[in-house]
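Asks: I'd like to ask some things about the structure below.
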Amino acid sequence: MARFTIPREVYYGPGAMKELKVLKGHKKAIIVTGTNFMIENGSLEKLIGILKENGMQVQVFDKVESNPRISTVYRGAEIMRDYEPDVIVALGGGSPVDAAKAMWIFYENPELKFDDVKTPFSLPKMRRKAIFAAVGTTSGTGTEVTSFSVITEDDTKIKYPIADFEITPDIAIVDTEIPLSMSETLTADSGMDALTHAVEAYVATAQTDLTDCLAIKAAQMVFENLVDSYHGSAEARKNIHVAQNLAGMAFSNALLGIVHSLAHKVGVTYGVTHGRCNAIMLPYVIEYNSVVTEKRFADIARALGLNGATNKQLTNSLVEAIKILNGQLGIPLSYQAAGVDEKIFLDTLDTMAEAACGDPCTLFNPRKTEFENMKKVLRCCYYGTDVNF
């Protein structure tokens with residue numbers, strides 16, 4: 001038997017944030033957000049106004065960094081325990097929403113430590129103190145609908161995904177007006193994150209018919225809209241914001257693969273954003289996984305209208321199409337081309353590969369991947385060489 005879990009309510013479209021009026025009747029809300037960007041584009045002020053109009057007290061935690069640390073999570077949970085909100089509202093891209101999910105865990109379960117929640121799908125029951133609403137502001141992570149939270153360890157700087165359906169938000173807001181203010185770089189990187197979610201979800205070992213249709217539709221929408229979105233088309237940006245939500249629903253239930261296992265480990269070390277890490281590695285991981293799941297990659301290629309008479313030709317077309325898309329978005333085709341120092345790469349290769357082997361996403365990769373092959377894949381991603389093993 002398979003399970004499919006998404007938020008109970010997903011509101012999407014222009015001005016969808018106002019639908020948080022459904023929270024009327026709750027007493028205290030805490031908003032978790034990140035940088036000044038939410039202040040600059042007016043989203044934070046708008047959200048505070050909506051909550052106060054519905055009779056709620058509102059407190060703001062706005063100290064979430066771009067790669068949220070465990071110490072930040074603990075600090076936020078402590079503030080929540082003092083304030084005692086019955087609603088947690090996360091506002092932002094992946095980092096603030098992921099941080100808020102983790103804060104929620106430790107708010108409701110103060111006896112737990114981070115090591116206690118690393119095992120996938122091991123959390124105790126939630127919602128004894130608060131429900132959770134997420135307002136996604138970037139078009140890539142899909143975190144407003146997922147059962148994932150990615151948190152960075154303070155000392156090692158390694159990211160660890162928390163995975164459990166208990167942290168799937170109760171309410172997701174996909175307001176298509178918010179991403180109109182994103183920069184070109186953020187649009188490109190987050191859009192490729194969404195594409196990676198769709199592709200990895202389609203071939204992951206936990207995929208189902210329910211996740212397949214979402215993954216394919218998301219991939220089609222990204223290919224049709226991302227370049228125009230990158231160049232500022234408002235309509236395309238709205239479409240990408242919906243596409244990343246579909247991809248989020250897909251991967252939250254089908255899980256992911258070693259693109260994300262590696263990205264969780266190398267992004268901070270190499271100084272490359274998560275979405276860009278995924279964009280660089282996706283073609284090489286497709287080549288690697290095609291040994292065991294070529295037909296499913298061919299399915300994606302067919303859905304995108306790519307050329308090829310055989311599954312191998314279609315898979316090759318998919319790899320090439322992603323590389324071309326990266327080029328159109330100004331994304332380099334290797335970590336070396338992205339400016340990652342070779343000495344840093346070689347010095348950390350073993351550590352990064354070993355850590356990626358232990359990432360929960362590796363369990364759902366279609367091809368079993370152990371240390372030596374993980375190293376080989378990462379080397380190909382660094383030097384830009386074809387995967388032929």
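In the structure tokens, chains take the letters A, B, ... in the order shown, each chain's residues start at 1, and ligands count up from 1 in the order shown.
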Mind checking which residues fall within 9 Å of A:Ile30, counting only C-alpha atoms, ignoring those fewer than 5 positions away in the same chain, and posting them as a PyMOL selection string?
Replies: chain A and resi 57-61+80+83-90
Asks: So that I can check the surroundings of stretch 382-384 of chain A, please list as a ChimeraX atom specification every protein, DNA and RNA residue that reaches within 9 Å of it, counting only C-alpha atoms and ignoring chain neighbours fewer than 3 positions away.
Replies: /A:280-281,284,333-338,340,342,345,377-379
Asks: Based on the selection just made, write C-alpha atoms of those residues as an mmCIF file, in the first residue's frame.
Replies:
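Written out: part.cif:
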data_model
loop_
_atom_site.group_PDB
_atom_site.id
_atom_site.type_symbol
_atom_site.label_atom_id
_atom_site.label_comp_id
_atom_site.auth_asym_id
_atom_site.auth_seq_id
_atom_site.Cartn_x
_atom_site.Cartn_y
_atom_site.Cartn_z
ATOM 1 C CA ILE A 280 24.605 21.276 -12.536
ATOM 2 C CA MET A 281 24.298 17.675 -11.340
ATOM 3 C CA TYR A 284 25.097 13.543 -14.921
ATOM 4 C CA LEU A 333 27.631 22.837 -16.815
ATOM 5 C CA SER A 334 30.076 21.757 -14.100
ATOM 6 C CA TYR A 335 31.262 22.762 -10.654
ATOM 7 C CA GLN A 336 34.651 23.609 -12.102
ATOM 8 C CA ALA A 337 33.019 25.991 -14.578
ATOM 9 C CA ALA A 338 31.046 27.433 -11.648
ATOM 10 C CA VAL A 340 34.673 25.835 -7.353
ATOM 11 C CA GLU A 342 39.852 22.234 -7.471
ATOM 12 C CA PHE A 345 36.900 19.799 -4.336
ATOM 13 C CA VAL A 377 29.402 10.785 -10.003
ATOM 14 C CA LEU A 378 30.640 13.795 -8.064
ATOM 15 C CA ARG A 379 33.890 13.834 -10.062
#
Asks: I'd like the contact shell of A:Gly330 - 12 Å cut-off, only C-alpha atoms, skipping same-chain residues fewer than 6 positions apart - returned as a PyMOL selection string.
Replies: chain A and resi 184-189+192+227+230-231+276+279-280+323-324+337-338
Asks: Could you please take those selected residues and save N, CA and C atoms as a compact mmCIF listing (two decimals), in the first residue's frame?
Replies:
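In the end it all went to selection.txt:
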# COMPACT_ATOMS: atom_id res chain seq x y z
N GLU A 184 16.66 37.53 -11.54
CA GLU A 184 16.90 36.54 -12.61
C GLU A 184 17.61 35.31 -12.07
N THR A 185 18.63 35.53 -11.25
CA THR A 185 19.41 34.40 -10.74
C THR A 185 18.56 33.49 -9.87
N LEU A 186 17.77 34.08 -8.98
CA LEU A 186 16.90 33.28 -8.12
C LEU A 186 15.85 32.55 -8.95
N THR A 187 15.33 33.22 -9.97
CA THR A 187 14.35 32.59 -10.85
C THR A 187 14.94 31.36 -11.53
N ALA A 188 16.17 31.48 -12.02
CA ALA A 188 16.84 30.37 -12.70
C ALA A 188 17.12 29.23 -11.75
N ASP A 189 17.76 29.54 -10.63
CA ASP A 189 18.18 28.48 -9.70
C ASP A 189 16.99 27.76 -9.09
N MET A 192 15.20 25.49 -11.64
CA MET A 192 15.89 24.22 -11.89
C MET A 192 15.77 23.29 -10.69
N VAL A 227 12.47 29.75 -19.22
CA VAL A 227 13.29 30.75 -19.92
C VAL A 227 12.56 32.09 -19.97
N TYR A 230 12.63 33.61 -16.57
CA TYR A 230 13.98 34.16 -16.34
C TYR A 230 14.11 35.56 -16.95
N HIS A 231 13.49 35.76 -18.10
CA HIS A 231 13.56 37.05 -18.79
C HIS A 231 12.47 38.02 -18.35
N ARG A 276 21.17 25.70 -7.91
CA ARG A 276 22.24 25.64 -8.91
C ARG A 276 23.00 24.32 -8.81
N ALA A 279 20.89 21.89 -10.63
CA ALA A 279 20.93 22.12 -12.08
C ALA A 279 22.20 21.55 -12.69
N ILE A 280 23.33 21.77 -12.03
CA ILE A 280 24.61 21.28 -12.54
C ILE A 280 24.63 19.75 -12.55
N LYS A 323 20.93 20.45 -20.38
CA LYS A 323 22.17 21.23 -20.52
C LYS A 323 21.91 22.52 -21.30
N ILE A 324 21.11 22.42 -22.35
CA ILE A 324 20.77 23.62 -23.14
C ILE A 324 19.98 24.60 -22.27
N ALA A 337 33.42 24.80 -13.82
CA ALA A 337 33.02 25.99 -14.58
C ALA A 337 32.31 27.01 -13.69
N ALA A 338 31.72 26.53 -12.59
CA ALA A 338 31.05 27.43 -11.65
C ALA A 338 32.02 28.13 -10.71
Asks: Using only C-alpha atoms, which protein or nucleic acid residues come within 12 Å of stretch 267-272 of chain A? Drop anything in the same chain fewer than 2 positions from it, and give the result as a ChimeraX atom specification.
Replies: /A:66-69,151-154,156-159,189,259-265,274-281,331-332,334-349,351-352,356,382
Asks: Write a file of the selected residues as a CSV table (one decimal), in the first residue's frame, keeping N, CA and C atoms.
Replies:
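Listing of part.csv after writing:
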chain,number,residue,atom,x,y,z
A,66,SER,N,20.0,32.0,5.2
A,66,SER,CA,19.8,31.3,3.9
A,66,SER,C,19.9,29.8,4.0
A,67,ASN,N,20.8,29.3,4.9
A,67,ASN,CA,20.9,27.9,5.2
A,67,ASN,C,20.6,27.7,6.7
A,68,PRO,N,19.3,27.5,7.1
A,68,PRO,CA,19.0,27.6,8.5
A,68,PRO,C,19.7,26.6,9.3
A,69,ARG,N,20.3,27.1,10.4
A,69,ARG,CA,21.1,26.3,11.3
A,69,ARG,C,20.3,25.7,12.5
A,151,ILE,N,17.9,21.2,7.3
A,151,ILE,CA,18.5,22.0,8.3
A,151,ILE,C,20.0,21.8,8.3
A,152,THR,N,20.8,22.8,8.5
A,152,THR,CA,22.3,22.7,8.5
A,152,THR,C,22.8,22.6,9.9
A,153,GLU,N,23.7,21.7,10.0
A,153,GLU,CA,24.5,21.5,11.3
A,153,GLU,C,25.5,22.7,11.5
A,154,ASP,N,25.5,23.3,12.6
A,154,ASP,CA,26.3,24.5,12.8
A,154,ASP,C,27.8,24.2,12.6
A,156,THR,N,29.5,21.3,11.2
A,156,THR,CA,30.0,20.7,10.0
A,156,THR,C,29.5,21.4,8.7
A,157,LYS,N,28.5,22.2,8.9
A,157,LYS,CA,27.9,22.9,7.7
A,157,LYS,C,27.2,22.0,6.8
A,158,ILE,N,27.0,20.8,7.2
A,158,ILE,CA,26.3,19.8,6.4
A,158,ILE,C,24.8,19.8,6.6
A,159,LYS,N,24.0,19.7,5.5
A,159,LYS,CA,22.6,19.8,5.6
A,159,LYS,C,22.0,18.4,5.8
A,189,ASP,N,17.8,29.5,-10.6
A,189,ASP,CA,18.2,28.5,-9.7
A,189,ASP,C,17.0,27.8,-9.1
A,259,VAL,N,20.8,13.3,-6.7
A,259,VAL,CA,21.1,14.7,-7.0
A,259,VAL,C,20.9,15.5,-5.6
A,260,HIS,N,19.8,15.2,-5.0
A,260,HIS,CA,19.6,15.9,-3.7
A,260,HIS,C,20.5,15.4,-2.6
A,261,SER,N,20.8,14.1,-2.6
A,261,SER,CA,21.8,13.6,-1.6
A,261,SER,C,23.1,14.4,-1.6
A,262,LEU,N,23.6,14.6,-2.8
A,262,LEU,CA,24.8,15.4,-3.0
A,262,LEU,C,24.6,16.9,-2.8
A,263,ALA,N,23.5,17.4,-3.3
A,263,ALA,CA,23.3,18.9,-3.1
A,263,ALA,C,23.2,19.3,-1.6
A,264,HIS,N,22.6,18.4,-0.8
A,264,HIS,CA,22.5,18.7,0.6
A,264,HIS,C,23.8,18.8,1.3
A,265,LYS,N,24.8,18.1,0.7
A,265,LYS,CA,26.1,18.0,1.3
A,265,LYS,C,27.1,19.1,0.7
A,274,HIS,N,21.6,25.8,-3.6
A,274,HIS,CA,21.0,24.5,-3.7
A,274,HIS,C,20.4,24.3,-5.1
A,275,GLY,N,19.7,25.2,-5.6
A,275,GLY,CA,19.1,25.0,-6.9
A,275,GLY,C,20.1,24.9,-8.0
A,276,ARG,N,21.2,25.7,-7.9
A,276,ARG,CA,22.2,25.6,-8.9
A,276,ARG,C,23.0,24.3,-8.8
A,277,CYS,N,23.2,23.8,-7.6
A,277,CYS,CA,23.8,22.5,-7.4
A,277,CYS,C,23.0,21.5,-8.2
A,278,ASN,N,21.7,21.5,-8.0
A,278,ASN,CA,20.8,20.5,-8.6
A,278,ASN,C,20.9,20.6,-10.2
A,279,ALA,N,20.9,21.9,-10.6
A,279,ALA,CA,20.9,22.1,-12.1
A,279,ALA,C,22.2,21.5,-12.7
A,280,ILE,N,23.3,21.8,-12.0
A,280,ILE,CA,24.6,21.3,-12.5
A,280,ILE,C,24.6,19.8,-12.6
A,281,MET,N,24.1,19.1,-11.5
A,281,MET,CA,24.3,17.7,-11.3
A,281,MET,C,23.3,16.8,-12.1
A,331,ILE,N,23.5,29.1,-16.3
A,331,ILE,CA,24.0,28.2,-15.3
A,331,ILE,C,25.2,27.4,-15.9
A,332,PRO,N,26.3,27.3,-15.3
A,332,PRO,CA,27.4,26.5,-15.9
A,332,PRO,C,27.1,25.0,-15.9
A,334,SER,N,29.3,22.5,-15.0
A,334,SER,CA,30.1,21.8,-14.1
A,334,SER,C,30.4,22.6,-12.9
A,335,TYR,N,30.8,22.0,-11.8
A,335,TYR,CA,31.3,22.8,-10.7
A,335,TYR,C,32.6,23.5,-10.9
A,336,GLN,N,33.4,22.9,-11.8
A,336,GLN,CA,34.7,23.6,-12.1
A,336,GLN,C,34.3,24.9,-12.9
A,337,ALA,N,33.4,24.8,-13.8
A,337,ALA,CA,33.0,26.0,-14.6
A,337,ALA,C,32.3,27.0,-13.7
A,338,ALA,N,31.7,26.5,-12.6
A,338,ALA,CA,31.0,27.4,-11.6
A,338,ALA,C,32.0,28.1,-10.7
A,339,GLY,N,33.3,27.8,-10.8
A,339,GLY,CA,34.3,28.5,-10.1
A,339,GLY,C,34.7,27.8,-8.8
A,340,VAL,N,34.3,26.6,-8.6
A,340,VAL,CA,34.7,25.8,-7.4
A,340,VAL,C,36.2,25.5,-7.4
A,341,ASP,N,36.9,25.8,-6.5
A,341,ASP,CA,38.4,25.6,-6.4
A,341,ASP,C,38.6,24.1,-6.5
A,342,GLU,N,39.6,23.7,-7.3
A,342,GLU,CA,39.9,22.2,-7.5
A,342,GLU,C,40.4,21.6,-6.2
A,343,LYS,N,41.3,22.4,-5.5
A,343,LYS,CA,41.8,21.9,-4.2
A,343,LYS,C,40.7,21.6,-3.2
A,344,ILE,N,39.8,22.6,-3.1
A,344,ILE,CA,38.7,22.4,-2.2
A,344,ILE,C,37.9,21.1,-2.6
A,345,PHE,N,37.6,21.0,-3.9
A,345,PHE,CA,36.9,19.8,-4.3
A,345,PHE,C,37.6,18.5,-4.0
A,346,LEU,N,38.9,18.4,-4.3
A,346,LEU,CA,39.6,17.2,-4.0
A,346,LEU,C,39.8,16.9,-2.5
A,347,ASP,N,40.0,18.0,-1.8
A,347,ASP,CA,40.1,17.8,-0.3
A,347,ASP,C,38.9,17.3,0.4
A,348,THR,N,37.7,17.6,-0.2
A,348,THR,CA,36.4,17.3,0.4
A,348,THR,C,35.7,16.2,-0.3
A,349,LEU,N,36.2,15.7,-1.4
A,349,LEU,CA,35.5,14.7,-2.2
A,349,LEU,C,35.1,13.5,-1.4
A,351,THR,N,34.8,13.1,1.9
A,351,THR,CA,33.8,13.5,3.0
A,351,THR,C,32.4,13.7,2.4
A,352,MET,N,32.4,14.5,1.3
A,352,MET,CA,31.1,14.8,0.7
A,352,MET,C,30.4,13.5,0.2
A,356,ALA,N,26.9,12.0,1.5
A,356,ALA,CA,25.8,11.8,0.6
A,356,ALA,C,25.3,10.4,0.6
A,382,TYR,N,32.0,17.6,-11.2
A,382,TYR,CA,33.0,18.7,-11.1
A,382,TYR,C,33.7,19.0,-12.4
Asks: Find the residues near A:Ala99: any atom within 12 Å, counting only C-alpha atoms, skip ones fewer than 6 places away on the same chain, and give them as a PyMOL selection string.
Replies: chain A and resi 31-34+61-77+88-93+105-106+134+143-144+148-152+160-162+167
Asks: Hey, what does DSSP flag as strand (DSSP E) within stretch 86-274 of chain A? Can you give it to me as an mmCIF file with C-alpha atoms, in the first residue's frame?
Replies:
data_model
loop_
_atom_site.group_PDB
_atom_site.id
_atom_site.type_symbol
_atom_site.label_atom_id
_atom_site.label_comp_id
_atom_site.auth_asym_id
_atom_site.auth_seq_id
_atom_site.Cartn_x
_atom_site.Cartn_y
_atom_site.Cartn_z
ATOM 1 C CA VAL A 87 -0.759 28.991 14.514
ATOM 2 C CA ILE A 88 2.688 29.010 12.929
ATOM 3 C CA VAL A 89 2.872 30.832 9.591
ATOM 4 C CA ALA A 90 6.057 30.452 7.558
ATOM 5 C CA LEU A 91 6.728 33.142 4.949
ATOM 6 C CA GLY A 92 9.556 32.789 2.471
ATOM 7 C CA ILE A 131 -1.257 24.115 13.198
ATOM 8 C CA PHE A 132 1.059 25.155 10.385
ATOM 9 C CA ALA A 133 0.498 27.393 7.353
ATOM 10 C CA ALA A 134 3.147 28.054 4.712
ATOM 11 C CA VAL A 135 3.350 30.912 2.222
ATOM 12 C CA GLY A 136 5.902 30.057 -0.464
ATOM 13 C CA PHE A 148 10.576 17.786 4.261
ATOM 14 C CA SER A 149 12.687 20.263 6.213
ATOM 15 C CA VAL A 150 16.395 20.712 5.435
ATOM 16 C CA ILE A 151 18.511 22.027 8.310
ATOM 17 C CA THR A 152 22.257 22.749 8.470
ATOM 18 C CA LYS A 159 22.577 19.791 5.557
ATOM 19 C CA TYR A 160 20.296 17.106 6.946
ATOM 20 C CA PRO A 161 16.765 16.536 5.650
ATOM 21 C CA ILE A 162 14.016 15.850 8.171
ATOM 22 C CA ALA A 163 11.337 13.770 6.458
ATOM 23 C CA ILE A 171 -2.487 25.149 4.728
ATOM 24 C CA ALA A 172 -0.361 26.073 1.708
ATOM 25 C CA ILE A 173 -0.489 29.454 -0.003
ATOM 26 C CA VAL A 174 0.746 29.645 -3.597
ATOM 27 C CA ASP A 175 0.266 33.351 -4.276
#
Asks: Could you please determine the separation between atom CA of A:Ile50 and atom CA of A:Lys18 in Å, to one decimal place?
Replies: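 Between atom CA of A:Ile50 and atom CA of A:Lys18 the gap is 6.5 Å.
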Asks: What lies within 9 Å of A:Arg81 using only C-alpha atoms, ignoring chain neighbours under 5 positions off, as a list of chain:residue names?
Replies: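 With the cut-off at 9 Å, the set is A:Gly76, A:Tyr107, A:Glu108, A:Pro110.
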Asks: Give the answer as one residue: which of A:Gly25, A:Gly248, A:Pro96, A:Gly140 has the shortest atom-to-atom distance to A:Ile6, using only C-alpha atoms?
Replies: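 Between A:Gly25, A:Gly248, A:Pro96, A:Gly140, the residue approaching A:Ile6 most closely is A:Gly248.
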